[in-house]
Amino acid sequence: MESEKKSSAVSDVGAWAMNVVSSVGIIMANKQLMSFHGYAFTFATTLTGFHFGVTALVGLVSNATGYSTSKHVPLWELLWFSIVANMSITGMNFSLMLNSVGFYQISKLSMIPVVCVMEWILHNKHYTREVKMSVVVVVVGVGVCTVTDVKVNAKGFICACVAVLSTSLQQISIGSLQKKYSIGSFELLSKTAPIQAISLLVLGPFVDYYLSGNIILNYKRSTGAILFILLSCSLAVFCNVSQYLCIGRFSAVSFQVLGHMKTVCVLTLGWLIFDSELTFKNIMGMIIAIIGMVIYSWAVEVAKQSNNKVTPHSKNSLTEEEIRLLKEGVENTPLKDIELGGSKG
């Protein structure tokens with residue numbers, strides 16, 4: 001039993017580490033790929049289509065070699081999930097284009113309370129006071145270190161709302177679909193990735209043209225750009241798998257809260273690698289955010305322990321109820337039909 005707990009803890013840490021490392025890596029790779037100081041590949045939505053295309057290919061090979069098994073999930077569920085996921089990607093891209101970076105960061109931070117409210121509405125999930133307090137600390141910390149100028153307009157606000165709602169619903173659905181159909185994280189990703197890849201590769205170039213004014217067919221390819229696209233796609237496989245894995249093992253709220261560790265890592269690496277400015281305000285915000293994450297981890301663990309204490313008690317109560325019903329049944333049964341302690345009627 002103890003070894004199983006240790007193995008589970010190691011798996012949990014491994015899943016988070018994979019997500020943080022791959023997410024930070026893909027952000028750094030895309031920064032070089034998409035910035036005008038790098039390769040100026042400004043086709044974010046199409047690039048996401050490439051990501052899911054490679055992920056779908058890995059899933060296909062995995063199923064063909066018997067590494068993973070394919071379980072049945074209704075097609076309408078997969079289509080619905082893919083539409084929500086693609087709305088999330090497109091909404092985020094439009095929100096970043098139409099709003100200031102400050103408001104874009106605020107909209108991303110709002111996902112934590114939105115996920116909490118949606119899980120309460122959809123799954124009647126409740127959170128302890130400690131968890132709520134830690135979420136507030138994380139939001140404040142990340143807000144301090146990332147939010148600068150805040151400008152908003154009607155179109156940008158609508159796109160931000162669509163992005164936040166669809167992203168929150170997508171992340172909640174990852175966990176609920178895994179539980180509903182008893183399907184693993186990688187198996188679910190293998191089923192949704194092809195649908196997302198096809199739809200994003202078809203619609204992506206049009207979305208990117210609207211966002212950047214550039215046509216992907218006119219892009220001047222280079223060996224460096226192709227290598228970074230391949231690197232980005234490779235990291236995306238690990239990022240996608242670890243996202244499904246983390247949400248399946250924990251929850252959408254935990255993924256959002258602890259996922260902000262990526263923001264801290266990106267700011268730190270930007271300062272180390274790209275010589276980005278790191279102000280006292282950034283440092284204080286990161287410290288507050290990390291404290292909030294530590295408090296959140298503690299609060300979740302305390303909630304788990306309290307639930308474990310309650311569960312045996314409720315089971316004992318149920319057993320006592322069963323015993324009472326059995327006794328009543330015995331008392332109401334004619335004596336000739338039963339034998340008690342060897343005495344016969």
# chains A, B, ... in the order shown; residues from 1 in each chain; ligands from 1
>>> residues_around(residues="segment 8-20 of chain A", least_positions_apart="5", cutoff="7 Å", atoms="only C-alpha atoms", output="list in words")
Phe238, Cys239, Ser242, Gln243, Leu245, Cys246 and Lys262 of chain A
>>> residues_around(residues="Glu130 of chain A", least_positions_apart="4", cutoff="12 Å", atoms="only C-alpha atoms", output="ChimeraX atom specification")
/A:126,134-137,292-303
>>> write_last_selection(atoms="all heavy atoms", output="CSV table (one decimal), in the first residue's frame")
chain,number,residue,atom,x,y,z
A,126,HIS,N,-17.6,21.4,-4.5
A,126,HIS,CA,-17.4,22.5,-3.6
A,126,HIS,C,-15.9,22.5,-3.2
A,126,HIS,O,-15.2,21.5,-3.2
A,126,HIS,CB,-18.3,22.2,-2.3
A,126,HIS,CG,-19.7,22.3,-2.6
A,126,HIS,ND1,-20.5,23.5,-2.7
A,126,HIS,CD2,-20.6,21.3,-2.9
A,126,HIS,CE1,-21.7,23.2,-3.0
A,126,HIS,NE2,-21.8,21.9,-3.2
A,134,SER,N,-6.1,30.3,-1.3
A,134,SER,CA,-4.9,30.0,-2.0
A,134,SER,C,-5.0,30.4,-3.5
A,134,SER,O,-4.1,31.0,-4.1
A,134,SER,CB,-4.5,28.6,-1.9
A,134,SER,OG,-5.4,27.7,-2.5
A,135,VAL,N,-6.2,30.2,-4.1
A,135,VAL,CA,-6.5,30.6,-5.5
A,135,VAL,C,-6.4,32.1,-5.6
A,135,VAL,O,-5.8,32.6,-6.6
A,135,VAL,CB,-7.9,30.1,-5.9
A,135,VAL,CG1,-8.3,30.8,-7.2
A,135,VAL,CG2,-7.9,28.6,-6.1
A,136,VAL,N,-6.9,32.8,-4.6
A,136,VAL,CA,-6.8,34.3,-4.6
A,136,VAL,C,-5.4,34.8,-4.6
A,136,VAL,O,-5.0,35.7,-5.3
A,136,VAL,CB,-7.6,34.9,-3.5
A,136,VAL,CG1,-7.4,36.4,-3.4
A,136,VAL,CG2,-9.1,34.7,-3.6
A,137,VAL,N,-4.6,34.1,-3.7
A,137,VAL,CA,-3.2,34.5,-3.6
A,137,VAL,C,-2.4,34.3,-4.9
A,137,VAL,O,-1.6,35.1,-5.4
A,137,VAL,CB,-2.5,33.7,-2.5
A,137,VAL,CG1,-1.0,34.0,-2.5
A,137,VAL,CG2,-3.1,34.0,-1.1
A,292,GLY,N,1.3,31.2,-3.1
A,292,GLY,CA,-0.1,30.7,-3.3
A,292,GLY,C,-0.2,29.3,-3.8
A,292,GLY,O,-1.0,28.5,-3.3
A,293,MET,N,0.8,28.9,-4.6
A,293,MET,CA,0.8,27.5,-5.1
A,293,MET,C,1.1,26.5,-4.0
A,293,MET,O,0.5,25.4,-4.0
A,293,MET,CB,1.8,27.3,-6.3
A,293,MET,CG,1.4,28.1,-7.5
A,293,MET,SD,2.8,28.0,-8.8
A,293,MET,CE,2.4,29.5,-9.7
A,294,VAL,N,2.0,26.9,-3.1
A,294,VAL,CA,2.4,26.0,-2.0
A,294,VAL,C,1.2,25.9,-1.1
A,294,VAL,O,0.8,24.8,-0.6
A,294,VAL,CB,3.6,26.6,-1.2
A,294,VAL,CG1,3.8,25.8,0.1
A,294,VAL,CG2,4.8,26.6,-2.1
A,295,ILE,N,0.5,27.0,-0.8
A,295,ILE,CA,-0.7,27.0,0.1
A,295,ILE,C,-1.8,26.1,-0.6
A,295,ILE,O,-2.5,25.3,0.1
A,295,ILE,CB,-1.2,28.4,0.3
A,295,ILE,CG1,-0.2,29.2,1.1
A,295,ILE,CG2,-2.6,28.4,1.1
A,295,ILE,CD1,-0.6,30.7,1.2
A,296,TYR,N,-2.0,26.2,-1.9
A,296,TYR,CA,-3.0,25.5,-2.6
A,296,TYR,C,-2.7,24.0,-2.5
A,296,TYR,O,-3.6,23.2,-2.2
A,296,TYR,CB,-3.0,25.9,-4.1
A,296,TYR,CG,-4.0,25.1,-4.9
A,296,TYR,CD1,-5.3,25.4,-4.9
A,296,TYR,CD2,-3.6,24.0,-5.7
A,296,TYR,CE1,-6.3,24.7,-5.7
A,296,TYR,CE2,-4.5,23.2,-6.4
A,296,TYR,CZ,-5.8,23.6,-6.4
A,296,TYR,OH,-6.7,22.8,-7.1
A,297,SER,N,-1.4,23.6,-2.7
A,297,SER,CA,-1.1,22.2,-2.6
A,297,SER,C,-1.4,21.6,-1.2
A,297,SER,O,-1.9,20.5,-1.0
A,297,SER,CB,0.4,22.0,-2.9
A,297,SER,OG,0.7,22.4,-4.2
A,298,TRP,N,-1.0,22.5,-0.2
A,298,TRP,CA,-1.3,22.1,1.2
A,298,TRP,C,-2.8,22.0,1.4
A,298,TRP,O,-3.3,21.0,2.1
A,298,TRP,CB,-0.7,23.1,2.2
A,298,TRP,CG,-1.2,23.0,3.6
A,298,TRP,CD1,-0.8,22.1,4.5
A,298,TRP,CD2,-2.2,23.8,4.2
A,298,TRP,NE1,-1.5,22.3,5.7
A,298,TRP,CE2,-2.4,23.3,5.5
A,298,TRP,CE3,-3.0,24.9,3.7
A,298,TRP,CZ2,-3.3,23.9,6.4
A,298,TRP,CZ3,-3.9,25.5,4.6
A,298,TRP,CH2,-4.1,25.0,5.9
A,299,ALA,N,-3.6,22.9,0.9
A,299,ALA,CA,-5.1,23.0,1.1
A,299,ALA,C,-5.7,21.8,0.5
A,299,ALA,O,-6.6,21.2,1.1
A,299,ALA,CB,-5.6,24.3,0.6
A,300,VAL,N,-5.3,21.4,-0.7
A,300,VAL,CA,-5.8,20.2,-1.4
A,300,VAL,C,-5.5,18.9,-0.6
A,300,VAL,O,-6.4,18.1,-0.5
A,300,VAL,CB,-5.3,20.1,-2.8
A,300,VAL,CG1,-5.7,18.8,-3.5
A,300,VAL,CG2,-5.8,21.3,-3.7
A,301,GLU,N,-4.3,18.8,-0.1
A,301,GLU,CA,-3.9,17.7,0.7
A,301,GLU,C,-4.8,17.6,2.0
A,301,GLU,O,-5.2,16.5,2.3
A,301,GLU,CB,-2.4,17.7,1.0
A,301,GLU,CG,-1.9,16.5,1.6
A,301,GLU,CD,-2.0,15.3,0.6
A,301,GLU,OE1,-1.9,15.5,-0.6
A,301,GLU,OE2,-2.2,14.2,1.1
A,302,VAL,N,-5.0,18.7,2.6
A,302,VAL,CA,-5.8,18.7,3.8
A,302,VAL,C,-7.2,18.3,3.5
A,302,VAL,O,-7.9,17.5,4.3
A,302,VAL,CB,-5.8,20.1,4.5
A,302,VAL,CG1,-6.9,20.2,5.6
A,302,VAL,CG2,-4.4,20.4,5.1
A,303,ALA,N,-7.8,18.8,2.4
A,303,ALA,CA,-9.1,18.4,2.0
A,303,ALA,C,-9.2,16.9,1.7
A,303,ALA,O,-10.2,16.3,2.1
A,303,ALA,CB,-9.5,19.2,0.7
>>> closest_residue(among="A:Ile158, A:Leu109, A:Leu235, A:Val61", to="Val144 of chain A", atoms="only C-alpha atoms")
A:Leu109
>>> residues_around(residues="Gly102 of chain A", least_positions_apart="2", cutoff="9 Å", atoms="only C-alpha atoms", output="list in words")
Asn99, Ser100, Tyr104, Gln105, Ile106, Ser107, Gly143, Thr146, Val147, Thr148, Asp149, Val150 and Lys151 of chain A
>>> write_last_selection(atoms="C-alpha atoms", output="PDB file, in the first residue's frame")
ATOM      1  CA  ASN A  99      -6.764  43.396 -26.538  1.00  0.00           C
ATOM      2  CA  SER A 100      -3.741  44.773 -24.768  1.00  0.00           C
ATOM      3  CA  TYR A 104      -5.136  39.286 -22.146  1.00  0.00           C
ATOM      4  CA  GLN A 105      -3.288  38.238 -18.979  1.00  0.00           C
ATOM      5  CA  ILE A 106      -6.272  39.217 -16.818  1.00  0.00           C
ATOM      6  CA  SER A 107      -8.564  37.082 -18.986  1.00  0.00           C
ATOM      7  CA  GLY A 143      -1.423  39.443 -11.839  1.00  0.00           C
ATOM      8  CA  THR A 146       2.330  39.970 -15.624  1.00  0.00           C
ATOM      9  CA  VAL A 147      -0.376  42.634 -15.875  1.00  0.00           C
ATOM     10  CA  THR A 148       0.836  46.015 -17.113  1.00  0.00           C
ATOM     11  CA  ASP A 149      -1.228  48.120 -19.504  1.00  0.00           C
ATOM     12  CA  VAL A 150      -4.935  47.274 -19.537  1.00  0.00           C
ATOM     13  CA  LYS A 151      -6.907  48.391 -22.573  1.00  0.00           C
TER      14      LYS A 151
END
>>> residues_around(residues="segment 179-195 of chain A", least_positions_apart="6", cutoff="8 Å", atoms="only C-alpha atoms", output="MDAnalysis selection string")
chainID A and resid 52:53 55:56 59:60 68:73 78:79 81:82 240:241 244:245 248
>>> residues_around(residues="segment 211-213 of chain A", least_positions_apart="6", cutoff="12 Å", atoms="only C-alpha atoms", output="MDAnalysis selection string")
chainID A and resid 34 40:46 90:98 204:205 219
>>> residues_around(residues="Met284 of chain A", least_positions_apart="4", cutoff="9 Å", atoms="only C-alpha atoms", output="ChimeraX atom specification")
/A:141,144-145,279-280,288-289
>>> write_last_selection(atoms="N, CA and C atoms", output="mmCIF file, in the first residue's frame")
data_model
loop_
_atom_site.group_PDB
_atom_site.id
_atom_site.type_symbol
_atom_site.label_atom_id
_atom_site.label_comp_id
_atom_site.auth_asym_id
_atom_site.auth_seq_id
_atom_site.Cartn_x
_atom_site.Cartn_y
_atom_site.Cartn_z
ATOM 1 N N GLY A 141 -0.729 37.146 -7.246
ATOM 2 C CA GLY A 141 0.701 37.068 -7.527
ATOM 3 C C GLY A 141 1.006 37.105 -9.014
ATOM 4 N N VAL A 144 0.227 40.552 -10.455
ATOM 5 C CA VAL A 144 1.241 41.560 -10.138
ATOM 6 C C VAL A 144 2.433 41.465 -11.093
ATOM 7 N N CYS A 145 2.862 40.227 -11.399
ATOM 8 C CA CYS A 145 4.072 40.077 -12.207
ATOM 9 C C CYS A 145 3.827 40.095 -13.709
ATOM 10 N N THR A 279 11.699 43.215 -13.409
ATOM 11 C CA THR A 279 11.624 44.296 -12.424
ATOM 12 C C THR A 279 11.345 43.751 -11.030
ATOM 13 N N PHE A 280 11.460 44.644 -10.039
ATOM 14 C CA PHE A 280 11.140 44.279 -8.660
ATOM 15 C C PHE A 280 9.680 43.836 -8.551
ATOM 16 N N ILE A 288 4.861 35.868 -4.600
ATOM 17 C CA ILE A 288 3.478 35.736 -4.101
ATOM 18 C C ILE A 288 2.787 34.547 -4.764
ATOM 19 N N ALA A 289 2.974 34.410 -6.091
ATOM 20 C CA ALA A 289 2.346 33.312 -6.832
ATOM 21 C C ALA A 289 2.837 31.953 -6.334
#
>>> atom_distance(atom1="atom CA of Leu272 of chain A", atom2="atom CA of Leu258 of chain A")
22.2 Å
>>> residues_around(residues="segment 170-177 of chain A", least_positions_apart="6", cutoff="6 Å", atoms="only C-alpha atoms", output="list of chain:residue names")
A:Ala85, A:Ile247, A:Gly248, A:Ala252
>>> write_last_selection(atoms="N, CA and C atoms", output="PDB file, in the first residue's frame")
ATOM      1  N   ALA A  85     -12.672  22.940 -28.048  1.00  0.00           N
ATOM      2  CA  ALA A  85     -11.216  23.121 -27.971  1.00  0.00           C
ATOM      3  C   ALA A  85     -10.723  24.096 -29.041  1.00  0.00           C
ATOM      4  N   ILE A 247      -4.816  16.745 -15.910  1.00  0.00           N
ATOM      5  CA  ILE A 247      -6.232  16.996 -15.616  1.00  0.00           C
ATOM      6  C   ILE A 247      -6.925  15.697 -15.227  1.00  0.00           C
ATOM      7  N   GLY A 248      -6.546  14.578 -15.880  1.00  0.00           N
ATOM      8  CA  GLY A 248      -7.127  13.283 -15.535  1.00  0.00           C
ATOM      9  C   GLY A 248      -6.758  12.849 -14.130  1.00  0.00           C
ATOM     10  N   ALA A 252      -9.236  20.276 -13.232  1.00  0.00           N
ATOM     11  CA  ALA A 252      -8.999  21.440 -14.083  1.00  0.00           C
ATOM     12  C   ALA A 252      -8.516  22.633 -13.257  1.00  0.00           C
TER      13      ALA A 252
END
>>> atom_distance(atom1="atom CA of Val117 of chain A", atom2="atom CA of Gly285 of chain A")
25.0 Å
>>> closest_residue(among="A:Lys304, A:His51, A:His123, A:His260", to="Ile290 of chain A", atoms="only C-alpha atoms")
A:His260
>>> closest_residue(among="A:Val24, A:Val139, A:Gln305, A:Ser35", to="Leu267 of chain A", atoms="only C-alpha atoms")
A:Val24
>>> select_by_dssp(residues="segment 75-280 of chain A", states="helix (DSSP H, G or I)", output="MDAnalysis selection string")
chainID A and resid 75:98 101:109 111:123 129:146 154:181 185:212 216:218 223:249 252:259 261:273 280
>>> atom_distance(atom1="atom CA of Asn124 of chain A", atom2="atom CA of Phe250 of chain A")
16.6 Å
